[in-house]
Amino acid sequence: MNLLGRESVLIAAAGTIAGIVLTFAARGIVTVAFSPYLALSFSIWPLPGALLGLFCALMLGGMLGARTAVRQGLEEALSYQK
């Protein structure tokens, strides 16, 4: 369970970082593509709450997978022969 918990934290942290990077990349693309037509404003105050919510959602997904793995047996849950 400890190993699965650590794996879930790593996956959640990677997903959080990827989400942040992709959000700023999308903002840059939209700004370049639609700058004559659209003005984007960005507020930093909701960022901590959004990060916490994203991390919790990713941890929940990881823990549901871990629960399934424990219930079915680790080898069977991780096998590709289903």
# chains A, B, ... in the order shown; residues from 1 in each chain; ligands from 1
$ residues_around --residues "Leu58 (chain A)" --least-positions-apart "6" --cutoff "8 Å" --atoms "only C-alpha atoms" --output "PyMOL selection string"
chain A and resi 8+11-12+15
$ write_last_selection --atoms "C-alpha atoms" --output "CSV table (one decimal), in the first residue's frame"
chain,number,residue,atom,x,y,z
A,8,SER,CA,-0.1,7.9,-6.7
A,11,ILE,CA,1.5,10.6,-10.8
A,12,ALA,CA,-0.5,13.4,-9.2
A,15,GLY,CA,-0.2,15.6,-13.7
$ residues_around --residues "region 65-70 of chain A" --least-positions-apart "4" --cutoff "12 Å" --atoms "only C-alpha atoms" --output "VMD selection string"
chain A and resid 1 to 9 11 58 to 61 74 to 79
$ residues_around --residues "Arg27 (chain A)" --least-positions-apart "6" --cutoff "12 Å" --atoms "only C-alpha atoms" --output "mmCIF file with N, CA and C atoms, in the first residue's frame"
data_model
loop_
_atom_site.group_PDB
_atom_site.id
_atom_site.type_symbol
_atom_site.label_atom_id
_atom_site.label_comp_id
_atom_site.auth_asym_id
_atom_site.auth_seq_id
_atom_site.Cartn_x
_atom_site.Cartn_y
_atom_site.Cartn_z
ATOM 1 N N ILE A 20 -0.369 22.661 -15.371
ATOM 2 C CA ILE A 20 0.065 24.058 -15.298
ATOM 3 C C ILE A 20 0.784 24.457 -16.580
ATOM 4 N N VAL A 21 1.702 23.618 -17.035
ATOM 5 C CA VAL A 21 2.466 23.923 -18.250
ATOM 6 C C VAL A 21 1.536 24.021 -19.461
ATOM 7 N N ALA A 33 -2.762 33.759 -31.444
ATOM 8 C CA ALA A 33 -3.698 33.517 -32.542
ATOM 9 C C ALA A 33 -4.838 34.533 -32.594
ATOM 10 N N PHE A 34 -5.309 34.980 -31.458
ATOM 11 C CA PHE A 34 -6.497 35.831 -31.424
ATOM 12 C C PHE A 34 -6.245 37.196 -30.800
ATOM 13 N N SER A 35 -5.008 37.655 -30.766
ATOM 14 C CA SER A 35 -4.703 38.924 -30.095
ATOM 15 C C SER A 35 -5.456 40.122 -30.667
ATOM 16 N N LEU A 38 -9.236 39.397 -29.186
ATOM 17 C CA LEU A 38 -9.513 38.929 -27.837
ATOM 18 C C LEU A 38 -8.445 39.433 -26.880
ATOM 19 N N ALA A 39 -8.851 39.934 -25.752
ATOM 20 C CA ALA A 39 -7.918 40.334 -24.698
ATOM 21 C C ALA A 39 -8.127 39.393 -23.514
ATOM 22 N N LEU A 40 -7.086 38.717 -23.109
ATOM 23 C CA LEU A 40 -7.171 37.788 -21.981
ATOM 24 C C LEU A 40 -6.632 38.457 -20.730
ATOM 25 N N SER A 41 -7.350 38.298 -19.653
ATOM 26 C CA SER A 41 -6.835 38.754 -18.369
ATOM 27 C C SER A 41 -6.584 37.522 -17.519
ATOM 28 N N PHE A 42 -5.580 37.592 -16.686
ATOM 29 C CA PHE A 42 -5.180 36.451 -15.888
ATOM 30 C C PHE A 42 -5.081 36.894 -14.439
#
$ decode --residues "region 53-64 of chain A" --atoms "N, CA and C atoms" --output "short mmCIF file (atom, residue, chain, number, x, y, z; two decimals), in the first residue's frame"
data_model
loop_
_atom_site.label_atom_id
_atom_site.label_comp_id
_atom_site.auth_asym_id
_atom_site.auth_seq_id
_atom_site.Cartn_x
_atom_site.Cartn_y
_atom_site.Cartn_z
N GLY A 53 -7.28 21.52 -5.69
CA GLY A 53 -8.36 20.70 -6.25
C GLY A 53 -7.86 19.70 -7.27
N LEU A 54 -6.95 20.14 -8.14
CA LEU A 54 -6.37 19.25 -9.14
C LEU A 54 -5.59 18.12 -8.49
N PHE A 55 -4.78 18.47 -7.50
CA PHE A 55 -3.98 17.45 -6.83
C PHE A 55 -4.87 16.44 -6.11
N CYS A 56 -5.93 16.92 -5.47
CA CYS A 56 -6.86 16.00 -4.77
C CYS A 56 -7.57 15.08 -5.76
N ALA A 57 -7.98 15.62 -6.90
CA ALA A 57 -8.65 14.78 -7.90
C ALA A 57 -7.70 13.71 -8.44
N LEU A 58 -6.45 14.09 -8.67
CA LEU A 58 -5.48 13.12 -9.17
C LEU A 58 -5.16 12.07 -8.10
N MET A 59 -5.06 12.47 -6.85
CA MET A 59 -4.82 11.51 -5.78
C MET A 59 -6.00 10.55 -5.63
N LEU A 60 -7.21 11.05 -5.78
CA LEU A 60 -8.38 10.20 -5.69
C LEU A 60 -8.36 9.15 -6.80
N GLY A 61 -8.03 9.58 -8.02
CA GLY A 61 -7.92 8.63 -9.12
C GLY A 61 -6.85 7.59 -8.89
N GLY A 62 -5.71 8.02 -8.36
CA GLY A 62 -4.63 7.07 -8.06
C GLY A 62 -5.00 6.10 -6.96
N MET A 63 -5.69 6.59 -5.94
CA MET A 63 -6.07 5.72 -4.84
C MET A 63 -7.18 4.74 -5.24
N LEU A 64 -8.06 5.14 -6.15
CA LEU A 64 -9.06 4.19 -6.65
C LEU A 64 -8.39 3.06 -7.42
#
